[in-house]
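Here is final.tsv, consisting of TSV, C-alpha atoms:
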chain	number	residue	atom	x	y	z
A	219	MET	CA	-57.05	85.09	49.43
A	220	ALA	CA	-56.49	87.48	46.53
A	221	LYS	CA	-58.49	90.72	46.57
A	222	LEU	CA	-61.17	90.95	43.87
A	223	PHE	CA	-63.44	93.89	43.06
A	224	TYR	CA	-66.83	93.78	41.36
A	225	ASP	CA	-69.18	96.47	40.03
A	226	LYS	CA	-70.94	96.73	43.39
A	227	ASP	CA	-67.62	97.59	45.07
A	228	ILE	CA	-66.67	100.40	42.68
A	229	ASP	CA	-67.82	104.02	42.61
A	230	ASP	CA	-66.90	105.29	39.16
A	231	GLN	CA	-67.87	108.91	39.85
A	232	ILE	CA	-64.19	109.82	40.22
A	233	LEU	CA	-63.76	109.34	36.47
A	234	ARG	CA	-67.01	110.95	35.34
A	235	ASP	CA	-65.57	114.48	35.23
A	236	LYS	CA	-62.45	113.46	33.32
A	237	ARG	CA	-61.84	113.02	29.62
A	238	ILE	CA	-60.18	109.77	28.59
A	239	SER	CA	-57.89	109.52	25.57
A	240	VAL	CA	-57.31	106.02	24.25
A	241	ILE	CA	-54.01	105.95	22.38
A	242	GLY	CA	-54.27	103.35	19.65
A	243	TYR	CA	-57.36	101.77	18.09
A	244	GLY	CA	-56.19	98.24	17.51
A	245	SER	CA	-57.01	95.04	19.39
A	246	GLN	CA	-57.25	96.48	22.91
A	247	GLY	CA	-57.78	100.14	21.98
A	248	HIS	CA	-61.03	99.72	20.08
A	249	ALA	CA	-62.48	97.53	22.84
A	250	HIS	CA	-61.53	99.88	25.69
A	251	ALA	CA	-62.78	102.94	23.83
A	252	GLN	CA	-66.12	101.46	22.79
A	253	ASN	CA	-66.81	99.89	26.19
A	254	LEU	CA	-65.97	103.13	28.00
A	255	LYS	CA	-68.16	105.11	25.62
A	256	ASP	CA	-71.07	102.71	26.15
A	257	SER	CA	-70.52	103.10	29.91
A	258	GLY	CA	-71.09	106.82	29.56
A	259	PHE	CA	-67.53	108.16	29.76
A	260	ASP	CA	-66.08	110.98	27.66
A	261	VAL	CA	-63.63	109.28	25.29
A	262	ILE	CA	-61.42	110.50	22.45
A	263	ILE	CA	-58.90	108.62	20.31
A	264	GLY	CA	-55.24	109.48	19.73
A	265	LEU	CA	-53.57	108.11	16.60
A	266	TYR	CA	-50.34	108.71	14.72
A	267	GLU	CA	-50.48	110.60	11.43
A	268	GLY	CA	-51.64	108.30	8.63
A	269	SER	CA	-53.04	105.60	10.90
A	270	LYS	CA	-55.25	103.11	9.07
A	271	SER	CA	-57.49	103.00	12.14
A	272	LYS	CA	-58.65	106.61	11.84
A	273	GLU	CA	-61.53	105.91	9.46
A	274	GLN	CA	-62.82	103.07	11.63
A	275	ALA	CA	-62.59	105.10	14.83
A	276	GLU	CA	-64.51	107.97	13.26
A	277	HIS	CA	-67.07	105.52	11.87
A	278	ASP	CA	-67.54	104.24	15.42
A	279	GLY	CA	-68.40	107.75	16.55
A	280	PHE	CA	-65.16	109.00	18.08
A	281	GLU	CA	-63.31	112.27	17.69
A	282	VAL	CA	-59.79	111.43	16.49
A	283	TYR	CA	-56.81	113.58	17.43
A	284	SER	CA	-53.09	113.39	16.92
A	285	ILE	CA	-51.50	111.62	19.88
A	286	SER	CA	-50.00	114.84	21.25
A	287	ASP	CA	-53.31	116.71	21.00
A	288	ALA	CA	-55.22	113.81	22.54
A	289	VAL	CA	-52.89	113.90	25.54
A	290	LYS	CA	-53.28	117.67	25.89
A	291	ASN	CA	-57.08	117.35	25.77
A	292	SER	CA	-57.52	114.57	28.33
A	293	GLN	CA	-56.78	113.77	31.95
A	294	LEU	CA	-56.50	109.99	31.70
A	295	ILE	CA	-54.29	108.66	28.93
A	296	SER	CA	-54.79	104.98	28.17
A	297	LEU	CA	-51.87	103.50	26.23
A	298	CYS	CA	-53.28	100.70	24.10
A	299	ILE	CA	-50.34	100.35	21.72
A	300	PRO	CA	-47.84	97.49	21.21
A	301	ASP	CA	-44.93	97.18	23.64
A	302	PRO	CA	-42.28	97.82	20.94
A	303	SER	CA	-43.92	101.13	19.98
A	304	MET	CA	-44.40	102.39	23.50
A	305	LYS	CA	-41.04	104.05	24.15
A	306	LYS	CA	-40.94	106.04	20.90
A	307	VAL	CA	-44.54	107.21	21.16
A	308	PHE	CA	-44.14	108.19	24.81
A	309	ASN	CA	-40.90	110.10	24.26
A	310	GLU	CA	-42.02	111.91	21.11
A	311	ASP	CA	-45.75	112.54	21.61
A	312	ILE	CA	-46.82	111.98	25.20
A	313	GLU	CA	-44.28	112.99	27.84
A	314	GLU	CA	-44.00	116.69	27.00
A	315	ASN	CA	-47.78	117.04	26.70
A	316	LEU	CA	-48.65	115.63	30.13
A	317	SER	CA	-50.00	117.92	32.81
A	318	GLU	CA	-49.55	117.58	36.55
A	319	GLY	CA	-52.12	115.18	37.97
A	320	ASP	CA	-52.76	113.31	34.72
A	321	ILE	CA	-53.22	109.55	34.85
A	322	LEU	CA	-51.18	107.23	32.65
A	323	LEU	CA	-52.96	103.91	32.27
A	324	PHE	CA	-51.39	100.78	30.79
A	325	ALA	CA	-53.01	97.55	29.63
A	326	HIS	CA	-49.74	95.65	30.22
A	327	GLY	CA	-46.78	96.37	32.48
A	328	PHE	CA	-43.87	95.61	30.12
A	329	ALA	CA	-42.82	99.19	29.34
A	330	ILE	CA	-42.82	100.23	33.00
A	331	LEU	CA	-41.24	97.10	34.48
A	332	TYR	CA	-38.35	97.03	32.01
A	333	GLY	CA	-37.74	100.78	32.07
A	334	GLU	CA	-38.77	101.53	28.50
A	335	ILE	CA	-40.88	104.38	29.86
A	336	LYS	CA	-39.97	106.60	32.81
A	337	PRO	CA	-43.01	108.76	33.62
A	338	PRO	CA	-42.60	112.10	35.39
A	339	GLU	CA	-43.20	112.05	39.14
A	340	ASN	CA	-46.26	114.34	39.04
A	341	VAL	CA	-48.64	111.90	37.33
A	342	ASP	CA	-50.41	108.71	38.39
A	343	VAL	CA	-49.24	105.47	36.77
A	344	VAL	CA	-51.76	102.64	36.85
A	345	MET	CA	-52.69	99.48	35.00
A	346	ILE	CA	-55.92	97.76	34.04
A	347	ALA	CA	-55.03	94.59	32.14
A	348	PRO	CA	-57.93	92.55	30.69
A	349	LYS	CA	-57.23	88.85	30.59
A	350	ALA	CA	-58.47	88.41	27.03
A	351	PRO	CA	-57.77	89.73	23.52
A	352	GLY	CA	-59.52	92.99	22.66
A	353	HIS	CA	-62.18	91.51	20.40
A	354	ARG	CA	-63.21	89.24	23.29
A	355	VAL	CA	-63.29	92.19	25.71
A	356	ARG	CA	-65.73	93.93	23.37
A	357	ALA	CA	-67.83	90.89	22.44
A	358	VAL	CA	-68.62	89.82	26.00
A	359	PHE	CA	-69.30	93.43	27.04
A	360	GLU	CA	-71.98	93.64	24.35
A	361	ARG	CA	-73.64	90.61	25.97
A	362	ASP	CA	-73.68	92.42	29.35
A	363	LEU	CA	-70.78	90.28	30.55
A	364	GLY	CA	-67.11	91.04	31.11
A	365	VAL	CA	-63.63	89.54	31.23
A	366	PRO	CA	-61.50	89.51	34.39
A	367	CYS	CA	-58.99	92.35	34.70
A	368	LEU	CA	-55.88	92.98	36.75
A	369	ILE	CA	-55.31	96.27	38.58
A	370	ALA	CA	-52.00	97.71	39.72
A	371	VAL	CA	-50.65	101.09	40.80
A	372	ASP	CA	-47.01	101.97	40.16
A	373	GLN	CA	-47.18	105.66	41.07
A	374	ASP	CA	-49.85	107.41	43.14
A	375	PHE	CA	-49.25	111.14	42.83
A	376	SER	CA	-52.88	112.14	43.35
A	377	GLY	CA	-53.58	109.81	46.24
A	378	LYS	CA	-56.58	108.53	44.24
A	379	ALA	CA	-54.85	106.46	41.57
A	380	TYR	CA	-56.31	103.16	42.78
A	381	GLU	CA	-59.90	104.42	42.80
A	382	THR	CA	-59.48	105.96	39.34
A	383	ALA	CA	-58.09	102.73	37.90
A	384	LEU	CA	-60.96	100.75	39.40
A	385	ALA	CA	-63.44	103.12	37.76
A	386	TYR	CA	-61.74	102.57	34.39
A	387	GLY	CA	-61.80	98.80	34.94
A	388	LYS	CA	-65.52	98.98	35.67
A	389	GLY	CA	-66.01	101.08	32.55
A	390	ILE	CA	-64.55	98.43	30.26
A	391	GLY	CA	-66.57	95.66	31.91
A	392	GLY	CA	-63.96	94.19	34.24
A	393	GLY	CA	-66.11	94.64	37.32
A	394	ARG	CA	-68.69	92.25	35.89
A	395	ALA	CA	-66.18	89.38	36.04
A	396	GLY	CA	-63.81	90.55	38.77
A	397	ILE	CA	-60.82	92.90	38.99
A	398	LEU	CA	-57.84	91.28	40.72
A	399	GLU	CA	-55.25	93.26	42.64
A	400	THR	CA	-51.66	92.68	41.48
A	401	THR	CA	-48.43	94.57	40.69
A	402	PHE	CA	-46.80	95.65	37.43
A	403	LYS	CA	-44.08	93.06	38.07
A	404	GLU	CA	-46.43	90.15	38.73
A	405	GLU	CA	-48.72	90.98	35.80
A	406	THR	CA	-45.87	91.31	33.32
A	407	GLU	CA	-43.90	88.25	34.37
A	408	THR	CA	-46.89	85.92	34.65
A	409	ASP	CA	-48.35	87.22	31.39
A	410	LEU	CA	-45.12	86.62	29.46
A	411	PHE	CA	-44.68	83.20	31.06
A	412	GLY	CA	-48.26	82.18	30.26
A	413	GLU	CA	-47.92	83.27	26.64
A	414	GLN	CA	-44.58	81.58	26.09
A	415	ALA	CA	-44.82	78.37	28.11
A	416	VAL	CA	-48.50	77.48	27.87
A	417	LEU	CA	-51.04	79.59	25.99
A	418	CYS	CA	-49.16	80.34	22.78
A	419	GLY	CA	-45.67	78.82	22.68
A	420	GLY	CA	-46.46	75.66	24.61
A	421	VAL	CA	-49.76	74.94	22.88
A	422	THR	CA	-48.58	75.60	19.32
A	423	ALA	CA	-45.42	73.53	19.80
A	424	LEU	CA	-47.50	70.67	21.22
A	425	ILE	CA	-49.95	70.86	18.30
A	426	LYS	CA	-47.19	70.80	15.68
A	427	ALA	CA	-45.35	67.95	17.41
A	428	GLY	CA	-48.54	65.87	17.66
A	429	PHE	CA	-49.41	66.54	14.02
A	430	GLU	CA	-45.91	65.55	12.90
A	431	VAL	CA	-45.89	62.33	14.93
A	432	LEU	CA	-49.20	61.21	13.44
A	433	THR	CA	-48.47	62.12	9.82
A	434	GLU	CA	-44.95	60.68	9.96
A	435	ALA	CA	-46.55	57.42	11.18
A	436	GLY	CA	-48.66	57.38	8.00
A	437	TYR	CA	-51.98	58.78	9.19
A	438	GLN	CA	-53.93	61.19	6.97
A	439	PRO	CA	-53.07	64.83	7.66
A	440	GLU	CA	-56.80	65.61	7.80
A	441	SER	CA	-57.29	63.09	10.60
A	442	ALA	CA	-54.24	64.42	12.42
A	443	TYR	CA	-55.50	68.00	12.14
A	444	PHE	CA	-58.91	67.18	13.54
A	445	GLU	CA	-57.38	65.23	16.41
A	446	VAL	CA	-54.65	67.58	17.64
A	447	LEU	CA	-55.96	71.01	16.64
A	448	HIS	CA	-59.67	71.15	15.81
A	449	GLU	CA	-60.80	69.26	18.91
A	450	LEU	CA	-58.58	71.37	21.14
A	451	LYS	CA	-61.25	74.10	21.31
A	452	LEU	CA	-63.82	71.60	22.54
A	453	ILE	CA	-61.54	70.48	25.36
A	454	VAL	CA	-60.45	74.02	26.28
A	455	ASP	CA	-64.08	75.17	26.38
A	456	LEU	CA	-64.85	72.41	28.87
A	457	ILE	CA	-61.85	73.40	31.01
A	458	TYR	CA	-62.85	77.07	30.78
A	459	GLN	CA	-66.36	76.28	31.98
A	460	GLY	CA	-65.63	73.72	34.69
A	461	GLY	CA	-61.90	73.43	35.29
A	462	LEU	CA	-59.99	70.20	34.81
A	463	GLU	CA	-62.66	68.34	36.76
A	464	GLY	CA	-65.40	69.60	34.46
A	465	MET	CA	-63.50	68.50	31.38
A	466	ARG	CA	-62.80	65.04	32.82
A	467	TYR	CA	-66.47	64.64	33.70
A	468	SER	CA	-67.44	65.23	30.07
A	469	VAL	CA	-64.89	63.04	28.26
A	470	SER	CA	-64.86	59.25	28.16
A	471	THR	CA	-63.27	57.22	30.94
A	472	THR	CA	-60.75	56.01	28.34
A	473	ALA	CA	-59.73	59.62	27.64
A	474	GLU	CA	-59.66	60.41	31.36
A	475	TYR	CA	-57.42	57.43	32.13
A	476	GLY	CA	-55.06	58.43	29.31
A	477	ASP	CA	-55.06	61.97	30.71
A	478	TYR	CA	-53.84	60.76	34.11
A	479	THR	CA	-51.32	58.20	32.90
A	480	VAL	CA	-49.88	59.63	29.69
A	481	GLY	CA	-50.03	63.39	30.24
A	482	PRO	CA	-47.17	63.31	32.80
A	483	LYS	CA	-45.04	61.31	30.35
A	484	ILE	CA	-45.34	64.17	27.82
A	485	ILE	CA	-45.13	67.08	30.24
A	486	ASP	CA	-42.50	65.56	32.50
A	487	ASP	CA	-39.93	66.98	34.91
A	488	SER	CA	-37.66	68.03	32.04
A	489	VAL	CA	-40.47	70.15	30.58
A	490	LYS	CA	-41.13	71.69	33.99
A	491	GLN	CA	-37.43	72.54	34.26
A	492	SER	CA	-37.57	74.15	30.82
A	493	MET	CA	-40.51	76.21	32.04
A	494	LYS	CA	-38.47	77.31	35.04
A	495	ASN	CA	-35.70	78.39	32.66
A	496	VAL	CA	-38.25	80.39	30.65
A	497	LEU	CA	-39.43	82.10	33.84
A	498	ASP	CA	-35.85	82.89	34.81
A	499	ASP	CA	-35.27	84.56	31.43
A	500	ILE	CA	-38.36	86.69	32.04
A	501	GLN	CA	-37.53	87.59	35.65
A	502	SER	CA	-33.92	88.47	34.82
A	503	GLY	CA	-34.97	90.69	31.91
A	504	ARG	CA	-33.15	88.56	29.32
A	505	PHE	CA	-36.28	88.01	27.26
A	506	ALA	CA	-37.18	91.70	27.38
A	507	ARG	CA	-33.69	92.72	26.24
A	508	GLU	CA	-33.82	90.15	23.43
A	509	TRP	CA	-37.25	91.34	22.24
A	510	ILE	CA	-36.31	95.02	22.43
A	511	ALA	CA	-33.11	94.34	20.47
A	512	GLU	CA	-35.04	92.31	17.88
A	513	ASN	CA	-37.33	95.28	17.27
A	514	ASP	CA	-34.43	97.72	17.13
A	515	GLU	CA	-32.66	95.53	14.56
A	516	GLY	CA	-35.61	95.24	12.16
A	517	LEU	CA	-37.45	92.09	13.31
A	518	HIS	CA	-35.44	89.80	10.99
A	519	LYS	CA	-35.57	86.74	13.25
A	520	TYR	CA	-39.23	87.38	14.07
A	521	ASN	CA	-40.17	87.51	10.38
A	522	GLU	CA	-38.18	84.38	9.55
A	523	LEU	CA	-39.88	82.43	12.35
A	524	ARG	CA	-43.31	83.69	11.31
A	525	GLU	CA	-42.78	82.65	7.67
A	526	ALA	CA	-41.49	79.23	8.71
A	527	ASP	CA	-44.56	78.54	10.83
A	528	LEU	CA	-46.96	79.76	8.16
A	529	SER	CA	-45.58	77.09	5.85
A	530	HIS	CA	-45.96	74.26	8.37
A	531	PRO	CA	-48.19	71.43	7.02
A	532	VAL	CA	-50.67	71.80	9.89
A	533	GLU	CA	-51.35	75.36	8.70
A	534	LYS	CA	-51.76	74.35	5.08
A	535	ILE	CA	-54.18	71.50	5.71
A	536	GLY	CA	-55.98	73.61	8.30
A	537	LYS	CA	-56.75	76.38	5.82
A	538	ASP	CA	-58.24	73.88	3.39
A	539	LEU	CA	-60.40	72.24	6.05
A	540	ARG	CA	-61.57	75.48	7.66
A	541	ALA	CA	-62.64	76.78	4.24
A	542	MET	CA	-65.16	73.96	4.21
A	543	MET	CA	-66.49	74.91	7.66
A	544	PRO	CA	-67.79	78.49	7.29
A	545	TRP	CA	-69.82	78.17	10.49
A	546	LEU	CA	-66.59	78.35	12.54
A	547	GLU	CA	-66.68	82.16	12.41
A	548	SER	CA	-69.90	82.20	14.40
A	549	THR	CA	-68.57	79.93	17.14
A	550	THR	CA	-65.68	82.10	18.37
Reformat the file's structure so that it appears as structure tokens.
Amino acid sequence: MAKLFYDKDIDDQILRDKRISVIGYGSQGHAHAQNLKDSGFDVIIGLYEGSKSKEQAEHDGFEVYSISDAVKNSQLISLCIPDPSMKKVFNEDIEENLSEGDILLFAHGFAILYGEIKPPENVDVVMIAPKAPGHRVRAVFERDLGVPCLIAVDQDFSGKAYETALAYGKGIGGGRAGILETTFKEETETDLFGEQAVLCGGVTALIKAGFEVLTEAGYQPESAYFEVLHELKLIVDLIYQGGLEGMRYSVSTTAEYGDYTVGPKIIDDSVKQSMKNVLDDIQSGRFAREWIAENDEGLHKYNELREADLSHPVEKIGKDLRAMMPWLESTT
């Protein structure tokens, strides 16, 4: 059985006498910083010169420093910046400003696992990875709830890296939902696989294919949109709350029978083999090398793919329909 930690298991006193700098104030950064602050920790923000987030961070009550000064003035440095930016920021603004015994904390293991960052040996290297986007991490915290987090230690110079990371996880609300023990390798590889094969890549490809099949057969695009995209949230919410069994309990027996008999025809052995190939690309580092190279070369392929998807008919009809449903914003 996997090891899980909850608030009652965690003594956060180890972090109470330390200052935390959150580097970045985007999706994860703003959530970590605000949750930690509300939990009573001493938090400052580190941003690059000219960051558009500075005004918002100051408005939220934080002292904002340059990244180098934030590192100098803190003992735990939480890197909440995108993977492609990590190497440059670390090499230019963080590494030379670290002190012996500092704690480097990551929200994702990519930069460590694939060698983009090589921390000095005299610091702790830990990870607390929330299993939700930043806005969700913040929203549920404000309701006295939390999202599950993963904890890992890559380097334990102090001998107390694990306890310190747990305290941070409790501070952002992870202990309310459970903090699961893992490794940088497992977190990174499963996270990339989940995003690519199921949560983002798999789901969006399935939505577009379903929409195209229905509209090419002559059905109204509005009907197709509601069927393959809009209703997806309703089904996922049921799965989220009660697993596959809970969802099947709530849908009709007709839908349940189609689930059992037709689902395996769509997601068949060939799809499972494709998923295995995706996992192999992740485990071998091929995907990481491709993504790093794409960033180094100016994101040309990335931008082309983004523009192509933005022009897909399911996106166009979706914008029109969602504009007529303003209540959607309050249901996220």
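Across the structure, atom CA of Pro300 of chain A and atom CA of Ile510 of chain A are spaced 11.9 Å apart.
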- Fewer than 6 positions away in the same chain doesn't count, so skip those; otherwise give me all residues within 9 Å of segment 430-444 of chain A, counting all atoms listed in the file, as a list in words. Leu450, Pro531, Val532, Ile535, Gly536 and Leu539 of chain A
Give me a file of those residues, with C-alpha atoms, as a short mmCIF file (atom, residue, chain, number, x, y, z; two decimals), in the coordinates of the input.
data_model
loop_
_atom_site.label_atom_id
_atom_site.label_comp_id
_atom_site.auth_asym_id
_atom_site.auth_seq_id
_atom_site.Cartn_x
_atom_site.Cartn_y
_atom_site.Cartn_z
CA LEU A 450 -58.58 71.37 21.14
CA PRO A 531 -48.19 71.43 7.02
CA VAL A 532 -50.67 71.80 9.89
CA ILE A 535 -54.18 71.50 5.71
CA GLY A 536 -55.98 73.61 8.30
CA LEU A 539 -60.40 72.24 6.05
#
Skipping near chain neighbours, those fewer than 6 positions away, what residues fall within 9 Å of Ser271 of chain A using all atoms listed in the file, listed as a compact mmCIF listing (two decimals) with C-alpha atoms, keeping the file's coordinate frame?
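result-v2.txt, freshly written:
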# COMPACT_ATOMS: atom_id res chain seq x y z
CA GLY A 242 -54.27 103.35 19.65
CA TYR A 243 -57.36 101.77 18.09
CA GLY A 244 -56.19 98.24 17.51
CA LEU A 265 -53.57 108.11 16.60
- Task: Find the distance between atom CA of Ala415 of chain A and atom CA of Val496 of chain A and write it in Å to one decimal.
- Result: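 Calculated distance between atom CA of Ala415 of chain A and atom CA of Val496 of chain A is 7.3 Å.
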- Query: Got a sec: who's within 7 Å of segment 351-363 of chain A, counting only C-alpha atoms, leaving out chain neighbours fewer than 4 positions off, as a list in words?
  - Reply: Ser245, Gln246, Ala249, Asn253, Gly391 and Arg394 of chain A
Give me a file of those residues, with C-alpha atoms, as a compact mmCIF listing (two decimals), in the frame of the given file.
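Wrote it out as out.txt, contents follow:
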# COMPACT_ATOMS: atom_id res chain seq x y z
CA SER A 245 -57.01 95.04 19.39
CA GLN A 246 -57.25 96.48 22.91
CA ALA A 249 -62.48 97.53 22.84
CA ASN A 253 -66.81 99.89 26.19
CA GLY A 391 -66.57 95.66 31.91
CA ARG A 394 -68.69 92.25 35.89
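When all atoms listed in the file are used to compute distances to Glu407 of chain A, the closest of the residues A:Ala526, A:Leu331, A:Ala385, A:Val261 turns out to be A:Leu331.
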- Message: I'd like the contact shell of Lys451 of chain A - 12 Å cut-off, only C-alpha atoms, skipping same-chain residues fewer than 5 positions apart - returned as a ChimeraX atom specification.
- Response: /A:421,444-446,456-458,465,546,549-550
Go ahead and write the selection's residues with C-alpha atoms as a PDB file, keeping the file's coordinate frame.
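Output (selection26.pdb):
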ATOM      1  CA  VAL A 421     -49.760  74.940  22.880  1.00  0.00           C
ATOM      2  CA  PHE A 444     -58.910  67.180  13.540  1.00  0.00           C
ATOM      3  CA  GLU A 445     -57.380  65.230  16.410  1.00  0.00           C
ATOM      4  CA  VAL A 446     -54.650  67.580  17.640  1.00  0.00           C
ATOM      5  CA  LEU A 456     -64.850  72.410  28.870  1.00  0.00           C
ATOM      6  CA  ILE A 457     -61.850  73.400  31.010  1.00  0.00           C
ATOM      7  CA  TYR A 458     -62.850  77.070  30.780  1.00  0.00           C
ATOM      8  CA  MET A 465     -63.500  68.500  31.380  1.00  0.00           C
ATOM      9  CA  LEU A 546     -66.590  78.350  12.540  1.00  0.00           C
ATOM     10  CA  THR A 549     -68.570  79.930  17.140  1.00  0.00           C
ATOM     11  CA  THR A 550     -65.680  82.100  18.370  1.00  0.00           C
TER      12      THR A 550
END
- Between A:Val365, A:Ile232, A:Ala350, A:Leu447, which has the minimum distance to Ala427 of chain A (counting all atoms listed in the file)?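 The closest residue to Ala427 of chain A is A:Leu447.
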- Atomic distance atom CA of Gly258 of chain A - atom CA of Gly327 of chain A, expressed in Å with one decimal: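 It comes out at 26.6 Å.
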- Task: Quick one: everything within 12 Å of Glu404 of chain A, counting all atoms listed in the file, minus sequence neighbours fewer than 5 positions away in the same chain. Send it as a PyMOL selection string.
- Result: chain A and resi 326-328+331+345+347+368-372+398-399+409-412+497+500-501
Got a minute to add N, CA and C atoms to segment 289-308 of chain A and dump it as a compact mmCIF listing (two decimals), in the coordinates of the input?
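Saved as rebuild26.txt:
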# COMPACT_ATOMS: atom_id res chain seq x y z
N VAL A 289 -53.44 113.82 24.19
CA VAL A 289 -52.89 113.90 25.54
C VAL A 289 -53.20 115.26 26.16
N LYS A 290 -53.01 116.32 25.38
CA LYS A 290 -53.28 117.67 25.89
C LYS A 290 -54.74 117.85 26.27
N ASN A 291 -55.64 117.15 25.58
CA ASN A 291 -57.08 117.35 25.77
C ASN A 291 -57.74 116.28 26.63
N SER A 292 -56.95 115.62 27.46
CA SER A 292 -57.52 114.57 28.33
C SER A 292 -56.78 114.55 29.66
N GLN A 293 -57.39 113.89 30.63
CA GLN A 293 -56.78 113.77 31.95
C GLN A 293 -56.34 112.34 32.26
N LEU A 294 -56.96 111.39 31.60
CA LEU A 294 -56.50 109.99 31.70
C LEU A 294 -56.08 109.55 30.32
N ILE A 295 -54.84 109.09 30.22
CA ILE A 295 -54.29 108.66 28.93
C ILE A 295 -54.08 107.15 28.99
N SER A 296 -54.84 106.43 28.19
CA SER A 296 -54.79 104.98 28.17
C SER A 296 -53.94 104.52 26.99
N LEU A 297 -52.80 103.91 27.29
CA LEU A 297 -51.87 103.50 26.23
C LEU A 297 -52.18 102.08 25.78
N CYS A 298 -52.89 101.99 24.66
CA CYS A 298 -53.28 100.70 24.10
C CYS A 298 -52.51 100.46 22.80
N ILE A 299 -51.20 100.54 22.88
CA ILE A 299 -50.34 100.35 21.72
C ILE A 299 -49.35 99.23 22.02
N PRO A 300 -48.76 98.62 20.99
CA PRO A 300 -47.84 97.49 21.21
C PRO A 300 -46.63 97.89 22.04
N ASP A 301 -46.12 96.94 22.81
CA ASP A 301 -44.93 97.18 23.64
C ASP A 301 -43.77 97.79 22.86
N PRO A 302 -43.43 97.27 21.66
CA PRO A 302 -42.28 97.82 20.94
C PRO A 302 -42.43 99.28 20.52
N SER A 303 -43.68 99.75 20.40
CA SER A 303 -43.92 101.13 19.98
C SER A 303 -43.96 102.11 21.14
N MET A 304 -44.08 101.58 22.34
CA MET A 304 -44.40 102.39 23.50
C MET A 304 -43.35 103.47 23.78
N LYS A 305 -42.10 103.11 23.79
CA LYS A 305 -41.04 104.05 24.15
C LYS A 305 -40.99 105.24 23.20
N LYS A 306 -41.02 104.97 21.90
CA LYS A 306 -40.94 106.04 20.90
C LYS A 306 -42.14 106.97 21.00
N VAL A 307 -43.33 106.40 21.10
CA VAL A 307 -44.54 107.21 21.16
C VAL A 307 -44.55 108.06 22.43
N PHE A 308 -44.15 107.45 23.54
CA PHE A 308 -44.14 108.19 24.81
C PHE A 308 -43.15 109.34 24.75
